[in-house]
file model.cif (mmCIF, C-alpha atoms)
data_target
#
loop_
_atom_site.group_PDB
_atom_site.id
_atom_site.type_symbol
_atom_site.label_atom_id
_atom_site.label_comp_id
_atom_site.auth_asym_id
_atom_site.auth_seq_id
_atom_site.Cartn_x
_atom_site.Cartn_y
_atom_site.Cartn_z
ATOM 1 C CA MET A 1 -108.152 94.112 69.527
ATOM 2 C CA THR A 2 -110.195 91.558 67.578
ATOM 3 C CA ILE A 3 -108.680 88.289 66.367
ATOM 4 C CA ALA A 4 -108.864 89.625 62.808
ATOM 5 C CA GLY A 5 -106.881 92.667 63.956
ATOM 6 C CA LEU A 6 -104.273 90.491 65.615
ATOM 7 C CA LEU A 7 -103.871 88.506 62.432
ATOM 8 C CA LYS A 8 -103.330 91.664 60.399
ATOM 9 C CA ALA A 9 -100.766 92.788 62.937
ATOM 10 C CA GLY A 10 -98.873 89.542 62.488
ATOM 11 C CA THR A 11 -99.770 87.943 65.821
ATOM 12 C CA LEU A 12 -99.625 84.173 65.476
ATOM 13 C CA THR A 13 -101.368 83.138 68.686
ATOM 14 C CA ALA A 14 -104.786 84.688 68.190
ATOM 15 C CA ALA A 15 -106.517 81.370 68.808
ATOM 16 C CA LEU A 16 -105.358 81.505 72.432
ATOM 17 C CA LEU A 17 -107.923 84.259 72.974
ATOM 18 C CA LEU A 18 -110.797 81.946 72.149
ATOM 19 C CA SER A 19 -112.963 81.120 75.150
ATOM 20 C CA GLY A 20 -114.650 77.882 76.124
ATOM 21 C CA ALA A 21 -113.540 74.404 77.108
ATOM 22 C CA SER A 22 -113.352 73.274 73.493
ATOM 23 C CA SER A 23 -111.038 76.060 72.364
ATOM 24 C CA PRO A 24 -108.668 74.831 69.637
ATOM 25 C CA PRO A 25 -104.900 74.697 70.173
ATOM 26 C CA PRO A 26 -102.524 77.413 68.887
ATOM 27 C CA GLU A 27 -102.542 78.060 65.164
ATOM 28 C CA GLN A 28 -99.769 77.458 62.676
ATOM 29 C CA PRO A 29 -97.844 80.588 61.635
ATOM 30 C CA LEU A 30 -99.125 82.688 58.742
ATOM 31 C CA ALA A 31 -95.610 83.424 57.503
ATOM 32 C CA PRO A 32 -95.538 80.591 54.914
ATOM 33 C CA LEU A 33 -98.597 82.115 53.226
ATOM 34 C CA GLU A 34 -97.030 85.547 53.133
ATOM 35 C CA GLY A 35 -93.839 84.066 51.721
ATOM 36 C CA ALA A 36 -95.811 82.446 48.917
ATOM 37 C CA GLY A 37 -97.425 85.766 47.989
ATOM 38 C CA TRP A 38 -100.967 85.160 49.280
ATOM 39 C CA GLU A 39 -102.886 88.240 50.451
ATOM 40 C CA LEU A 40 -105.895 87.963 52.773
ATOM 41 C CA VAL A 41 -109.024 89.397 51.104
ATOM 42 C CA TRP A 42 -111.908 87.905 53.103
ATOM 43 C CA ALA A 43 -112.326 86.031 56.368
ATOM 44 C CA ASP A 44 -114.743 85.055 59.072
ATOM 45 C CA GLU A 45 -113.148 84.379 62.464
ATOM 46 C CA PHE A 46 -116.591 83.618 63.963
ATOM 47 C CA GLU A 47 -116.300 86.066 66.829
ATOM 48 C CA GLY A 48 -119.369 87.242 68.690
ATOM 49 C CA THR A 49 -122.538 85.317 69.391
ATOM 50 C CA ALA A 50 -124.363 85.184 66.047
ATOM 51 C CA LEU A 51 -123.763 84.248 62.436
ATOM 52 C CA ASP A 52 -122.703 87.218 60.300
ATOM 53 C CA ARG A 53 -125.562 87.476 57.799
ATOM 54 C CA THR A 54 -123.543 89.823 55.577
ATOM 55 C CA LYS A 55 -121.242 86.864 54.893
ATOM 56 C CA TRP A 56 -123.438 83.775 55.189
ATOM 57 C CA THR A 57 -126.933 82.601 54.353
ATOM 58 C CA PRO A 58 -128.193 79.459 56.130
ATOM 59 C CA GLU A 59 -129.733 76.950 53.769
ATOM 60 C CA GLN A 60 -133.196 75.718 54.673
ATOM 61 C CA SER A 61 -134.021 72.504 52.820
ATOM 62 C CA CYS A 62 -134.901 68.859 53.381
ATOM 63 C CA TRP A 63 -134.154 67.399 49.940
ATOM 64 C CA GLY A 64 -131.129 65.346 50.955
ATOM 65 C CA GLY A 65 -128.587 67.058 48.724
ATOM 66 C CA GLY A 66 -129.234 64.684 45.837
ATOM 67 C CA ASN A 67 -127.472 61.961 47.865
ATOM 68 C CA ASN A 68 -130.401 60.578 49.888
ATOM 69 C CA GLU A 69 -129.130 62.333 53.007
ATOM 70 C CA ARG A 70 -131.384 62.217 56.060
ATOM 71 C CA GLN A 71 -131.297 65.789 57.359
ATOM 72 C CA CYS A 72 -133.373 68.927 57.147
ATOM 73 C CA TYR A 73 -131.106 71.969 57.194
ATOM 74 C CA THR A 74 -132.649 74.645 59.415
ATOM 75 C CA ASP A 75 -131.967 78.236 60.431
ATOM 76 C CA ARG A 76 -132.253 77.498 64.157
ATOM 77 C CA PRO A 77 -129.714 77.945 66.973
ATOM 78 C CA GLU A 78 -130.128 74.243 67.691
ATOM 79 C CA ASN A 79 -128.350 73.576 64.372
ATOM 80 C CA ILE A 80 -126.256 76.705 63.664
ATOM 81 C CA ALA A 81 -124.462 78.558 66.459
ATOM 82 C CA VAL A 82 -121.494 80.885 66.909
ATOM 83 C CA GLU A 83 -119.924 80.231 70.301
ATOM 84 C CA GLY A 84 -116.442 80.539 71.790
ATOM 85 C CA GLY A 85 -114.989 81.990 68.580
ATOM 86 C CA MET A 86 -116.234 79.106 66.436
ATOM 87 C CA LEU A 87 -119.032 78.249 64.039
ATOM 88 C CA LEU A 88 -120.806 75.128 65.271
ATOM 89 C CA LEU A 89 -122.937 73.090 62.882
ATOM 90 C CA LYS A 90 -124.969 70.612 64.927
ATOM 91 C CA ALA A 91 -126.760 67.486 63.735
ATOM 92 C CA ARG A 92 -129.567 66.093 65.894
ATOM 93 C CA LYS A 93 -131.853 63.101 65.636
ATOM 94 C CA GLU A 94 -135.335 64.629 65.538
ATOM 95 C CA ARG A 95 -138.205 64.391 63.091
ATOM 96 C CA PHE A 96 -138.561 67.682 61.206
ATOM 97 C CA ALA A 97 -140.571 69.044 58.269
ATOM 98 C CA GLY A 98 -139.325 71.819 56.000
ATOM 99 C CA PRO A 99 -139.052 73.027 52.392
ATOM 100 C CA ALA A 100 -137.976 70.276 50.037
ATOM 101 C CA ARG A 101 -135.389 72.306 48.136
ATOM 102 C CA PRO A 102 -133.279 75.449 48.534
ATOM 103 C CA PRO A 103 -134.618 78.475 46.643
ATOM 104 C CA GLU A 104 -132.211 78.396 43.678
ATOM 105 C CA ILE A 105 -133.430 74.933 42.595
ATOM 106 C CA ALA A 106 -136.975 74.992 43.971
ATOM 107 C CA GLU A 107 -140.043 74.836 41.767
ATOM 108 C CA ALA A 108 -142.736 77.522 41.961
ATOM 109 C CA VAL A 109 -144.473 75.442 44.611
ATOM 110 C CA ASN A 110 -141.842 74.067 46.988
ATOM 111 C CA PRO A 111 -143.391 71.056 48.742
ATOM 112 C CA THR A 112 -142.775 70.153 52.377
ATOM 113 C CA GLN A 113 -140.531 67.174 53.107
ATOM 114 C CA VAL A 114 -139.964 65.287 56.369
ATOM 115 C CA GLN A 115 -136.609 63.947 57.545
ATOM 116 C CA SER A 116 -135.386 62.043 60.602
ATOM 117 C CA HIS A 117 -132.578 64.465 61.542
ATOM 118 C CA THR A 118 -131.804 68.183 61.542
ATOM 119 C CA SER A 119 -128.492 69.920 60.896
ATOM 120 C CA GLY A 120 -126.823 73.138 59.735
ATOM 121 C CA LYS A 121 -125.500 74.434 56.435
ATOM 122 C CA VAL A 122 -124.221 77.940 55.633
ATOM 123 C CA ARG A 123 -123.309 79.420 52.241
ATOM 124 C CA THR A 124 -121.865 82.616 50.787
ATOM 125 C CA ILE A 125 -124.081 82.224 47.691
ATOM 126 C CA GLY A 126 -125.218 85.575 46.316
ATOM 127 C CA LEU A 127 -122.995 87.408 48.817
ATOM 128 C CA HIS A 128 -119.376 86.513 48.101
ATOM 129 C CA ALA A 129 -117.658 84.439 45.418
ATOM 130 C CA TRP A 130 -114.091 84.145 44.165
ATOM 131 C CA ARG A 131 -112.179 83.018 41.104
ATOM 132 C CA TYR A 132 -108.704 81.699 41.950
ATOM 133 C CA GLY A 133 -106.895 82.040 45.258
ATOM 134 C CA ARG A 134 -106.322 80.084 48.430
ATOM 135 C CA ILE A 135 -109.361 79.137 50.485
ATOM 136 C CA GLU A 136 -108.742 77.528 53.850
ATOM 137 C CA ALA A 137 -110.600 76.530 56.999
ATOM 138 C CA ARG A 138 -109.470 75.460 60.438
ATOM 139 C CA ALA A 139 -111.913 72.837 61.597
ATOM 140 C CA LYS A 140 -112.559 69.829 63.792
ATOM 141 C CA VAL A 141 -114.751 67.162 62.210
ATOM 142 C CA PRO A 142 -117.072 64.896 64.206
ATOM 143 C CA PRO A 143 -116.617 61.126 64.448
ATOM 144 C CA GLY A 144 -119.257 58.484 63.891
ATOM 145 C CA GLN A 145 -120.857 56.237 61.294
ATOM 146 C CA GLY A 146 -123.314 58.355 59.334
ATOM 147 C CA THR A 147 -121.640 61.748 59.818
ATOM 148 C CA TRP A 148 -120.579 63.665 56.701
ATOM 149 C CA PRO A 149 -119.152 67.167 57.342
ATOM 150 C CA ALA A 150 -117.922 69.164 54.361
ATOM 151 C CA ILE A 151 -116.429 72.478 53.270
ATOM 152 C CA TRP A 152 -116.847 72.904 49.535
ATOM 153 C CA MET A 153 -117.477 75.303 46.665
ATOM 154 C CA MET A 154 -119.962 75.639 43.824
ATOM 155 C CA PRO A 155 -120.218 78.184 40.961
ATOM 156 C CA ASN A 156 -122.069 81.317 42.009
ATOM 157 C CA ASP A 157 -123.632 81.814 38.558
ATOM 158 C CA PRO A 158 -123.048 78.526 36.705
ATOM 159 C CA ALA A 159 -121.549 79.547 33.365
ATOM 160 C CA TYR A 160 -121.646 76.049 31.874
ATOM 161 C CA GLY A 161 -125.016 74.800 33.063
ATOM 162 C CA PRO A 162 -126.276 72.610 35.916
ATOM 163 C CA TRP A 163 -124.149 70.196 37.956
ATOM 164 C CA PRO A 164 -121.655 68.873 37.164
ATOM 165 C CA ARG A 165 -121.011 70.784 33.941
ATOM 166 C CA SER A 166 -120.056 73.922 35.896
ATOM 167 C CA GLY A 167 -117.904 72.013 38.389
ATOM 168 C CA GLU A 168 -117.648 71.419 42.123
ATOM 169 C CA ILE A 169 -114.620 71.877 44.430
ATOM 170 C CA ASP A 170 -114.606 69.796 47.626
ATOM 171 C CA ILE A 171 -111.986 71.138 50.007
ATOM 172 C CA LEU A 172 -112.896 68.813 52.876
ATOM 173 C CA GLU A 173 -115.170 65.845 53.286
ATOM 174 C CA ALA A 174 -114.983 63.528 56.295
ATOM 175 C CA VAL A 175 -117.165 60.427 56.150
ATOM 176 C CA ASN A 176 -117.731 58.015 59.053
ATOM 177 C CA ILE A 177 -114.582 59.029 60.941
ATOM 178 C CA GLY A 178 -113.565 56.359 63.437
ATOM 179 C CA ALA A 179 -115.907 53.729 61.993
ATOM 180 C CA LYS A 180 -114.748 50.297 60.899
ATOM 181 C CA CYS A 181 -112.399 50.532 57.893
ATOM 182 C CA LYS A 182 -110.675 47.605 56.205
ATOM 183 C CA ASP A 183 -108.562 49.851 53.945
ATOM 184 C CA CYS A 184 -107.265 52.247 56.635
ATOM 185 C CA ALA A 185 -103.859 52.034 58.295
ATOM 186 C CA GLY A 186 -103.203 52.555 61.987
ATOM 187 C CA GLY A 187 -105.902 50.352 63.455
ATOM 188 C CA VAL A 188 -108.036 53.325 64.575
ATOM 189 C CA GLY A 189 -110.819 52.982 62.018
ATOM 190 C CA GLU A 190 -111.664 55.452 59.243
ATOM 191 C CA ASN A 191 -109.019 58.166 59.560
ATOM 192 C CA ARG A 192 -109.014 59.709 56.076
ATOM 193 C CA THR A 193 -110.473 62.980 54.844
ATOM 194 C CA ILE A 194 -111.379 63.534 51.199
ATOM 195 C CA SER A 195 -110.754 66.306 48.666
ATOM 196 C CA ALA A 196 -112.265 66.169 45.188
ATOM 197 C CA LEU A 197 -113.247 67.868 41.948
ATOM 198 C CA HIS A 198 -116.503 67.032 40.133
ATOM 199 C CA PHE A 199 -117.050 67.879 36.450
ATOM 200 C CA GLY A 200 -117.979 66.390 33.080
ATOM 201 C CA ASP A 201 -121.522 65.761 31.855
ATOM 202 C CA PHE A 202 -124.878 64.944 33.372
ATOM 203 C CA ALA A 203 -125.117 61.635 35.233
ATOM 204 C CA PRO A 204 -124.197 58.922 34.493
ATOM 205 C CA LEU A 205 -121.487 60.655 32.445
ATOM 206 C CA ASN A 206 -120.299 62.778 35.371
ATOM 207 C CA ARG A 207 -116.644 62.421 36.393
ATOM 208 C CA TYR A 208 -114.495 63.220 39.399
ATOM 209 C CA VAL A 209 -110.947 63.165 40.726
ATOM 210 C CA ASP A 210 -110.497 62.623 44.448
ATOM 211 C CA HIS A 211 -107.999 61.564 47.098
ATOM 212 C CA ARG A 212 -108.416 60.163 50.610
ATOM 213 C CA ASN A 213 -105.769 61.583 52.903
ATOM 214 C CA ALA A 214 -104.670 60.261 56.292
ATOM 215 C CA LEU A 215 -102.762 62.405 58.766
ATOM 216 C CA PRO A 216 -99.012 61.632 59.032
ATOM 217 C CA THR A 217 -99.573 60.279 62.564
ATOM 218 C CA LEU A 218 -102.556 58.169 61.382
ATOM 219 C CA ALA A 219 -104.594 59.808 64.164
ATOM 220 C CA LEU A 220 -108.297 60.458 63.738
ATOM 221 C CA PRO A 221 -108.971 63.920 62.253
ATOM 222 C CA SER A 222 -111.841 64.186 64.751
ATOM 223 C CA ASP A 223 -109.328 64.316 67.619
ATOM 224 C CA ASP A 224 -108.104 67.834 66.868
ATOM 225 C CA PHE A 225 -108.361 70.919 64.673
ATOM 226 C CA HIS A 226 -106.624 70.901 61.278
ATOM 227 C CA VAL A 227 -106.289 73.384 58.418
ATOM 228 C CA TYR A 228 -107.918 72.231 55.174
ATOM 229 C CA ALA A 229 -107.103 74.291 52.084
ATOM 230 C CA VAL A 230 -107.329 74.552 48.328
ATOM 231 C CA GLU A 231 -104.920 76.573 46.190
ATOM 232 C CA TRP A 232 -106.594 77.341 42.894
ATOM 233 C CA GLY A 233 -105.085 78.948 39.834
ATOM 234 C CA GLU A 234 -105.822 78.942 36.135
ATOM 235 C CA GLY A 235 -105.434 75.335 34.996
ATOM 236 C CA VAL A 236 -104.252 73.921 38.339
ATOM 237 C CA ILE A 237 -105.935 73.087 41.656
ATOM 238 C CA ARG A 238 -104.201 71.540 44.636
ATOM 239 C CA PHE A 239 -105.475 70.462 48.043
ATOM 240 C CA LEU A 240 -103.641 70.633 51.368
ATOM 241 C CA VAL A 241 -104.081 69.471 54.956
ATOM 242 C CA ASP A 242 -101.952 71.341 57.511
ATOM 243 C CA ASP A 243 -99.972 72.808 54.591
ATOM 244 C CA ARG A 244 -99.110 69.377 53.170
ATOM 245 C CA VAL A 245 -100.178 68.985 49.529
ATOM 246 C CA HIS A 246 -102.010 65.675 49.080
ATOM 247 C CA LEU A 247 -103.711 66.130 45.682
ATOM 248 C CA THR A 248 -102.850 68.210 42.607
ATOM 249 C CA VAL A 249 -105.154 68.284 39.573
ATOM 250 C CA THR A 250 -104.372 70.041 36.288
ATOM 251 C CA ALA A 251 -106.646 71.129 33.458
ATOM 252 C CA ASP A 252 -105.765 68.122 31.310
ATOM 253 C CA GLN A 253 -107.488 65.967 33.968
ATOM 254 C CA TRP A 254 -110.828 67.826 33.996
ATOM 255 C CA SER A 255 -113.367 68.866 31.377
ATOM 256 C CA THR A 256 -116.954 69.919 30.827
ATOM 257 C CA ALA A 257 -119.443 68.830 28.194
ATOM 258 C CA ALA A 258 -120.876 72.345 27.921
ATOM 259 C CA ARG A 259 -120.723 73.653 24.362
ATOM 260 C CA ASN A 260 -119.853 77.195 25.414
ATOM 261 C CA ALA A 261 -116.627 75.883 26.989
ATOM 262 C CA LYS A 262 -115.156 74.801 23.663
ATOM 263 C CA GLY A 263 -111.613 76.115 23.238
ATOM 264 C CA ASN A 264 -111.260 76.922 26.956
ATOM 265 C CA PRO A 265 -109.142 74.232 28.649
ATOM 266 C CA ALA A 266 -109.564 75.780 32.126
ATOM 267 C CA ALA A 267 -113.363 75.375 32.053
ATOM 268 C CA PRO A 268 -115.354 74.807 34.195
ATOM 269 C CA PHE A 269 -112.923 75.914 36.926
ATOM 270 C CA ASP A 270 -112.468 79.425 35.541
ATOM 271 C CA GLN A 271 -115.455 81.199 37.113
ATOM 272 C CA PRO A 272 -116.332 82.555 40.578
ATOM 273 C CA PHE A 273 -117.285 79.933 43.161
ATOM 274 C CA TYR A 274 -118.981 80.447 46.539
ATOM 275 C CA ILE A 275 -118.195 78.611 49.796
ATOM 276 C CA MET A 276 -120.370 76.224 51.789
ATOM 277 C CA ALA A 277 -119.978 74.422 55.116
ATOM 278 C CA ASN A 278 -122.398 71.762 56.275
ATOM 279 C CA LEU A 279 -122.851 68.634 58.373
ATOM 280 C CA ALA A 280 -124.851 66.005 56.491
ATOM 281 C CA VAL A 281 -126.432 62.909 58.013
ATOM 282 C CA GLY A 282 -126.156 59.676 56.075
ATOM 283 C CA GLY A 283 -126.394 59.656 52.301
ATOM 284 C CA ARG A 284 -124.919 57.236 49.810
ATOM 285 C CA LEU A 285 -121.237 58.027 50.401
ATOM 286 C CA SER A 286 -121.706 57.589 54.127
ATOM 287 C CA GLU A 287 -124.245 54.788 54.399
ATOM 288 C CA GLU A 288 -122.724 52.520 51.758
ATOM 289 C CA ASN A 289 -119.257 52.549 53.351
ATOM 290 C CA ASN A 290 -117.467 51.476 56.524
ATOM 291 C CA ALA A 291 -119.936 49.942 58.998
ATOM 292 C CA LYS A 292 -122.852 50.857 56.685
ATOM 293 C CA GLY A 293 -125.939 52.885 57.543
ATOM 294 C CA VAL A 294 -126.329 55.570 60.225
ATOM 295 C CA ALA A 295 -125.478 54.770 63.852
ATOM 296 C CA ALA A 296 -127.814 56.273 66.447
ATOM 297 C CA SER A 297 -124.797 56.644 68.771
ATOM 298 C CA SER A 298 -123.225 59.171 66.342
ATOM 299 C CA PHE A 299 -125.802 61.836 67.226
ATOM 300 C CA PRO A 300 -125.937 64.519 68.393
ATOM 301 C CA ALA A 301 -122.837 65.480 66.369
ATOM 302 C CA GLN A 302 -120.998 68.769 66.005
ATOM 303 C CA PHE A 303 -118.778 70.187 63.242
ATOM 304 C CA ALA A 304 -116.618 72.989 64.710
ATOM 305 C CA ILE A 305 -115.026 75.602 62.428
ATOM 306 C CA ASP A 306 -112.524 78.025 63.955
ATOM 307 C CA TRP A 307 -112.205 80.228 60.868
ATOM 308 C CA ILE A 308 -112.538 80.370 57.088
ATOM 309 C CA ARG A 309 -110.195 82.629 55.080
ATOM 310 C CA VAL A 310 -109.791 83.580 51.441
ATOM 311 C CA TYR A 311 -106.537 84.839 49.901
ATOM 312 C CA ARG A 312 -105.624 86.101 46.463
ATOM 313 C CA CYS A 313 -102.247 85.973 44.785
ATOM 314 C CA ALA A 314 -101.044 89.556 45.215
ATOM 315 C CA SER A 315 -98.622 89.480 42.276
ATOM 316 C CA ASP A 316 -100.954 87.567 39.941
ATOM 317 C CA PRO A 317 -104.633 88.020 40.895
ATOM 318 C CA THR A 318 -105.770 87.350 37.313
ATOM 319 C CA THR A 319 -104.573 83.733 37.141
ATOM 320 C CA GLY A 320 -103.220 82.964 40.628
ATOM 321 C CA ARG A 321 -100.490 80.809 39.121
ATOM 322 C CA ALA A 322 -97.555 82.798 40.528
ATOM 323 C CA CYS A 323 -98.430 81.705 44.082
ATOM 324 C CA ILE A 324 -98.801 77.982 43.364
ATOM 325 C CA ARG A 325 -95.321 76.517 43.418
#

call {"tool": "encode", "arguments": {"input": "model.cif", "output": "structure tokens"}}
result
Amino acid sequence: MTIAGLLKAGTLTAALLLSGASSPPPEQPLAPLEGAGWELVWADEFEGTALDRTKWTPEQSCWGGGNNERQCYTDRPENIAVEGGMLLLKARKERFAGPARPPEIAEAVNPTQVQSHTSGKVRTIGLHAWRYGRIEARAKVPPGQGTWPAIWMMPNDPAYGPWPRSGEIDILEAVNIGAKCKDCAGGVGENRTISALHFGDFAPLNRYVDHRNALPTLALPSDDFHVYAVEWGEGVIRFLVDDRVHLTVTADQWSTAARNAKGNPAAPFDQPFYIMANLAVGGRLSEENNAKGVAASSFPAQFAIDWIRVYRCASDPTTGRACIR
């Protein structure tokens, strides 16, 4: 039986079937989700030996994500691999030339751009998108100054215009894990992951709400696998790590400057969003914090994702509110 089949049958130890020396430890039970009314509607357990192209499209671009990042995202096995029941996004220090921008924001002539690193990014854009529900991933982030792994969501067909008017949901960001950190407890360096919402108007009038979350043990999140999740309903979004809520945001805390959102307090977070996972190299958030810059010793780096799952609220799929308690 496949891991997905075991999950449907209620088996809680499916991760034990994963092969390879880096196999993650046993999973947490699914029973709390079932008790809250969440129903699994989509998942990728990353079985097999190749990325499922019916679920994911690799991004190929070298533009730096608008953050002055240093990577070219490629569609090569050196940067995107499915091995041992996991999706592996790999960042490498190597000079590479590729298309400047991804197709949805590229001009008619997409120039070539050169970067100092390569990495991997996969998206469900144009394939799968969801409005409201619980989206979660079991992942192990890499350490190192200059690493910036993320699992996040953007609107599939932006109803309120370009970023950030149509919103952004950041389930997980991990920046410079283990690097020098004067504001971190525990004496182990940067040990916080980030969740955030972005919204508002075009820069410099863009706004965000975020929270940096340390594990209860103050251990580095790069030491082990953890479950990062968002529970999203009409007018409320909350973020969790290992089923512990660390940030709750309500509609009175977000907004959009788009005129067609007038009279709709849930906008822009009331439309279908798609999922992305990537491992960025450098960029402003990374290079301007902790030990500063990008450390050569951080690469090669690997972002390992055991699974990504999407649930809907079975009793209230229209708003999702009944499952967010």

call {"tool": "closest_residue", "arguments": {"input": "model.cif", "among": "A:Gly263, A:Leu220, A:Ile125, A:Tyr228", "to": "Trp56 of chain A", "atoms": "all atoms listed in the file"}}
result
A:Ile125

call {"tool": "resolve_selection", "arguments": {"input": "model.cif", "expression": "the PyMOL selection byres ((chain A and resi 44-55) around 9)", "output": "VMD selection string"}}
result
chain A and resid 2 to 4 18 42 to 43 56 to 58 80 to 87 123 to 124 127 to 128 305 to 309

call {"tool": "closest_residue", "arguments": {"input": "model.cif", "among": "A:Asn79, A:Thr147, A:Asn290, A:Gln71", "to": "Ser116 of chain A", "atoms": "all atoms listed in the file"}}
result
A:Gln71

call {"tool": "closest_residue", "arguments": {"input": "model.cif", "among": "A:Tyr132, A:Phe225, A:Phe239, A:Phe202", "to": "Asp170 of chain A", "atoms": "all atoms listed in the file"}}
result
A:Phe239

call {"tool": "resolve_selection", "arguments": {"input": "model.cif", "expression": "the PyMOL selection byres ((chain A and resi 214) around 7)", "output": "ChimeraX atom specification"}}
result
/A:191-193,212-213,215-216,218

call {"tool": "atom_distance", "arguments": {"input": "model.cif", "atom1": "atom CA of Ser298 of chain A", "atom2": "atom CA of Val241 of chain A"}}
result
24.5 Å

call {"tool": "resolve_selection", "arguments": {"input": "model.cif", "expression": "the PyMOL selection byres ((chain A and resi 91) around 10)", "output": "list in words"}}
result
Gln71, Cys72, Tyr73, Glu78, Asn79, Ile80, Leu88, Leu89, Lys90, Arg92, Lys93, Glu94, His117, Thr118, Ser119, Gly120, Thr147, Pro149, Asn278, Leu279, Ala280, Val281, Ser298, Phe299, Pro300, Ala301, Gln302 and Phe303 of chain A
